[in-house]
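S.K.: Have a look at the structure that comes next, please.
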Amino acid sequence: MKRFKLNIGTKLFLLYFIVSSSLLWLFAQRTTFESAKSVMVEVSSLMSRVASQNNKNGEIDLETFETLIVNYLRSQRNTIDSNNPQKLENLAIYVTDKDGLLVLDSRGLTLGADMRESNEVESALSGITDSTSVVTDKVAGTKKARGVVIEYFLQSRFLNASNPIYGNNGEIIGTVVVVAPLIDLMGESYLLRFIFYIFVISLLFGFLGSYRISRNINRVQKYTSNLFSGEDVLMPDLNNQFNKLAKTIKDARADVELKDDVEQYIDTLAHELRTPITGIQLTAENLLSPMSEKQRKRFVENILESNKHMDLLVNRLLDLSRIERREALNNVETLSVKEVVNTVLKAPSRAKTILDKDLNIDIQISSNATLKAEKILLEQAIGNIVNNALDFSPLSGKITIKASQTNSAISIIVLDDGPGIPPQVINKLFTRFFSVTRPDTGARGNGLGLRFVRKIMKLHGGEVSLQNRFIQQGAEARLRFPLNIK
């Protein structure tokens, strides 16, 4: 059988609910108990003053005091306030003489009993005022069981409050004790309502707290998963502690990625430089042999070409390393999109490729189209996209460059009519060092261009996307820049 497991949010909710309910319950019990004590002390003090004022020759005037007690108890029973949780209809009062013997009891107990065993009586005879104590007694009652009324006993708690009774000369001539069930003083219905309110409030706050914690944990988990899968994701906006956790995870991922990058850089350099170095070595050895001037020139050109390839690779790695360490743009300015595109196309290497392959370049960009960007980075981003279009376009092919604008962004779109993007590699295009074979030469690039473009777009708050064209053959590259860069 599969074991049922609670998530951390549910566990925290249950813990919060139990702790908060317990604390609130203790607070409620303590508060209502203190309130009950103050009521009983006030009644006891009142009875003490009345008894002290009604004494004859150092003895309590029991007849007068009993009449006053009966009238007081009758008034309590007849003036019950439904809005007051504290009820005194079951209030009892008894009086002892200076020796602690029972001389008056509203409960009808046997007079003459020695009450000194009761702490409240002993305390009052010792001169202690407003003394209180809680006593637990068995109380007989009745209930129905299967239609038959039976006797049973229940444990009931009583609150006693006592005060001395003073004679005319200030001497203690007796004690008065008031007794009432705690359940009446604390209000059973009031307590039940209070418990219900505590339950609802604890349930509400516990649910909201556990929901927020669970949501933040899930967001951190999703962020961590996406982060380590290689996606460029923004850190979620969480509370202070979870933000620190997310930042720590981000820093840890950066450290891991930096280590992987170093290893990949070394592997790539070793792999990419091995071929031209080997070619240069062989060509240099051949140059030591007798040969015609034409052959010598061809070997020298091979050396220069291999050196150019190594220089290009090293420079691209250095450019990528610099751009990936940057966190903000420098020298942002408003640029004409059409002018930047024309500058990119006029670069000697691109102009030569366009001429050699007899390509038709169709620029569909308004002269009024502008965007805010760092000029050098914008030229590099567009240049990399255009380079791919040039490499994959067939002879006498057509490349269309256009711009489209919305209320919040402007997009630069480059379309070619080459073979398109193979479906199996479309998700790997932005992976560092991944490259697709060029259709006309069979050569591969260094696999750093698109990664470079994505970092540039991220710095500008934009995005880059590549996909196949829908109606005709070819690929579509889109650079989307926000109109307002923060």
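Ligands are numbered from 1 in the order shown, residues from 1 within each chain, and chains are lettered A, B, ... in the order they appear in the structure tokens.
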Among region 275-394 of chain A, which residues does DSSP mark as strand (DSSP E or B) when it is run on the backbone? Keep the chain and numbering as in the structure and answer as a VMD selection string.
M.R.: chain A and resid 332 to 336 360 to 364 370 to 374
S.K.: Output N, CA and C atoms for every residue in the selection just made, as a PDB file, in the first residue's frame.
M.R.:
ATOM      1  N   VAL A 332      23.370  53.586 -24.921  1.00  0.00           N
ATOM      2  CA  VAL A 332      22.133  53.319 -25.663  1.00  0.00           C
ATOM      3  C   VAL A 332      21.740  54.585 -26.421  1.00  0.00           C
ATOM      4  N   GLU A 333      21.397  54.418 -27.691  1.00  0.00           N
ATOM      5  CA  GLU A 333      20.998  55.553 -28.521  1.00  0.00           C
ATOM      6  C   GLU A 333      19.891  55.152 -29.469  1.00  0.00           C
ATOM      7  N   THR A 334      19.206  56.162 -30.011  1.00  0.00           N
ATOM      8  CA  THR A 334      18.142  55.915 -30.980  1.00  0.00           C
ATOM      9  C   THR A 334      18.766  55.747 -32.366  1.00  0.00           C
ATOM     10  N   LEU A 335      18.499  54.595 -32.993  1.00  0.00           N
ATOM     11  CA  LEU A 335      19.149  54.256 -34.255  1.00  0.00           C
ATOM     12  C   LEU A 335      18.122  54.006 -35.347  1.00  0.00           C
ATOM     13  N   SER A 336      18.509  54.335 -36.569  1.00  0.00           N
ATOM     14  CA  SER A 336      17.678  54.023 -37.725  1.00  0.00           C
ATOM     15  C   SER A 336      17.901  52.562 -38.110  1.00  0.00           C
ATOM     16  N   ASN A 360      19.802  38.105 -54.198  1.00  0.00           N
ATOM     17  CA  ASN A 360      18.933  39.269 -54.291  1.00  0.00           C
ATOM     18  C   ASN A 360      18.535  39.676 -52.865  1.00  0.00           C
ATOM     19  N   ILE A 361      18.939  40.870 -52.434  1.00  0.00           N
ATOM     20  CA  ILE A 361      18.633  41.352 -51.088  1.00  0.00           C
ATOM     21  C   ILE A 361      17.481  42.343 -51.184  1.00  0.00           C
ATOM     22  N   ASP A 362      16.350  42.003 -50.549  1.00  0.00           N
ATOM     23  CA  ASP A 362      15.159  42.848 -50.586  1.00  0.00           C
ATOM     24  C   ASP A 362      14.948  43.458 -49.195  1.00  0.00           C
ATOM     25  N   ILE A 363      15.192  44.761 -49.090  1.00  0.00           N
ATOM     26  CA  ILE A 363      15.046  45.445 -47.796  1.00  0.00           C
ATOM     27  C   ILE A 363      13.697  46.154 -47.767  1.00  0.00           C
ATOM     28  N   GLN A 364      12.813  45.695 -46.872  1.00  0.00           N
ATOM     29  CA  GLN A 364      11.475  46.275 -46.739  1.00  0.00           C
ATOM     30  C   GLN A 364      11.352  46.959 -45.375  1.00  0.00           C
ATOM     31  N   THR A 370      12.820  53.289 -36.150  1.00  0.00           N
ATOM     32  CA  THR A 370      13.945  53.467 -35.231  1.00  0.00           C
ATOM     33  C   THR A 370      13.765  52.567 -34.003  1.00  0.00           C
ATOM     34  N   LEU A 371      14.867  52.347 -33.323  1.00  0.00           N
ATOM     35  CA  LEU A 371      14.823  51.626 -32.041  1.00  0.00           C
ATOM     36  C   LEU A 371      15.969  52.097 -31.170  1.00  0.00           C
ATOM     37  N   LYS A 372      15.842  51.837 -29.862  1.00  0.00           N
ATOM     38  CA  LYS A 372      16.899  52.200 -28.923  1.00  0.00           C
ATOM     39  C   LYS A 372      17.760  50.982 -28.640  1.00  0.00           C
ATOM     40  N   ALA A 373      19.064  51.131 -28.856  1.00  0.00           N
ATOM     41  CA  ALA A 373      19.973  49.997 -28.669  1.00  0.00           C
ATOM     42  C   ALA A 373      21.403  50.501 -28.583  1.00  0.00           C
ATOM     43  N   GLU A 374      22.286  49.574 -28.196  1.00  0.00           N
ATOM     44  CA  GLU A 374      23.713  49.858 -28.249  1.00  0.00           C
ATOM     45  C   GLU A 374      24.180  49.497 -29.655  1.00  0.00           C
TER      46      GLU A 374
END
S.K.: Within 8 Å of Ala403 (chain A), counting only C-alpha atoms, which residues qualify if same-chain residues fewer than 4 places away don't, as a ChimeraX atom specification?
M.R.: /A:364-366,369,410-413
S.K.: One decimal, Å: what's the distance from CA of Ile198 (chain A) over to CA of Gln29 (chain A), could you say?
M.R.: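 That distance, rounded to one decimal, is 12.3 Å.
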S.K.: If you run DSSP over the backbone, which residues in region 379-432 of chain A end up alpha helix (DSSP H)? Put them as a ChimeraX atom specification.
M.R.: /A:379-392
S.K.: Write out, as a tab-separated table (two decimals), in the first residue's frame, the residues just selected, with N, CA and C atoms.
M.R.:
chain	number	residue	atom	x	y	z
A	379	GLU	N	24.51	45.89	-34.40
A	379	GLU	CA	25.12	45.48	-35.67
A	379	GLU	C	25.61	44.03	-35.60
A	380	GLN	N	26.15	43.63	-34.46
A	380	GLN	CA	26.63	42.26	-34.32
A	380	GLN	C	25.47	41.26	-34.34
A	381	ALA	N	24.36	41.61	-33.68
A	381	ALA	CA	23.20	40.70	-33.66
A	381	ALA	C	22.62	40.53	-35.06
A	382	ILE	N	22.39	41.65	-35.74
A	382	ILE	CA	21.85	41.57	-37.11
A	382	ILE	C	22.86	40.88	-38.02
A	383	GLY	N	24.15	41.18	-37.84
A	383	GLY	CA	25.19	40.57	-38.68
A	383	GLY	C	25.20	39.06	-38.56
A	384	ASN	N	25.06	38.51	-37.35
A	384	ASN	CA	25.05	37.06	-37.18
A	384	ASN	C	23.85	36.42	-37.85
A	385	ILE	N	22.69	37.06	-37.74
A	385	ILE	CA	21.48	36.53	-38.39
A	385	ILE	C	21.61	36.58	-39.91
A	386	VAL	N	22.14	37.68	-40.41
A	386	VAL	CA	22.34	37.82	-41.86
A	386	VAL	C	23.37	36.81	-42.35
A	387	ASN	N	24.43	36.57	-41.57
A	387	ASN	CA	25.45	35.59	-41.96
A	387	ASN	C	24.83	34.21	-42.16
A	388	ASN	N	23.95	33.81	-41.25
A	388	ASN	CA	23.28	32.51	-41.40
A	388	ASN	C	22.45	32.47	-42.67
A	389	ALA	N	21.74	33.58	-42.94
A	389	ALA	CA	20.92	33.62	-44.16
A	389	ALA	C	21.80	33.53	-45.41
A	390	LEU	N	22.95	34.19	-45.38
A	390	LEU	CA	23.86	34.13	-46.53
A	390	LEU	C	24.42	32.72	-46.71
A	391	ASP	N	24.78	32.07	-45.60
A	391	ASP	CA	25.38	30.74	-45.67
A	391	ASP	C	24.40	29.70	-46.20
A	392	PHE	N	23.13	29.83	-45.85
A	392	PHE	CA	22.16	28.78	-46.21
A	392	PHE	C	21.34	29.11	-47.47
S.K.: Which neighbours of Thr175 (chain A) fall inside 6 Å, counting only C-alpha atoms, when residues of the same chain fewer than 5 positions from it are skipped, and could you give them as a list in words?
M.R.: Val95, Thr96, Asn163, Pro164 and Ile165 of chain A
S.K.: Got time to write the residues from that selection, N, CA and C atoms, as a PDB file, in the first residue's frame?
M.R.:
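This is the output file result.pdb:
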ATOM      1  N   VAL A  95     -21.423  31.333  55.361  1.00  0.00           N
ATOM      2  CA  VAL A  95     -20.750  32.174  56.355  1.00  0.00           C
ATOM      3  C   VAL A  95     -20.279  31.278  57.491  1.00  0.00           C
ATOM      4  N   THR A  96     -19.089  31.565  58.011  1.00  0.00           N
ATOM      5  CA  THR A  96     -18.573  30.887  59.197  1.00  0.00           C
ATOM      6  C   THR A  96     -18.321  31.918  60.294  1.00  0.00           C
ATOM      7  N   ASN A 163     -13.687  36.427  51.946  1.00  0.00           N
ATOM      8  CA  ASN A 163     -13.220  37.653  52.586  1.00  0.00           C
ATOM      9  C   ASN A 163     -13.567  37.594  54.072  1.00  0.00           C
ATOM     10  N   PRO A 164     -12.767  38.237  54.913  1.00  0.00           N
ATOM     11  CA  PRO A 164     -13.095  38.284  56.342  1.00  0.00           C
ATOM     12  C   PRO A 164     -14.304  39.179  56.618  1.00  0.00           C
ATOM     13  N   ILE A 165     -14.991  38.876  57.757  1.00  0.00           N
ATOM     14  CA  ILE A 165     -16.054  39.748  58.256  1.00  0.00           C
ATOM     15  C   ILE A 165     -15.511  40.410  59.522  1.00  0.00           C
TER      16      ILE A 165
END
S.K.: When you count only C-alpha atoms, which of these residues is closest to Leu15 (chain A): A:Asp417, A:Phe207, A:Asn302, A:Val134?
M.R.: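 Counting only C-alpha atoms, the residue closest to Leu15 (chain A) is A:Phe207.
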S.K.: Please, what distance in Å, to one decimal, runs between CA of Lys357 (chain A) and CA of Gly397 (chain A)?
M.R.: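 Here the two named atoms are 7.8 Å from each other.
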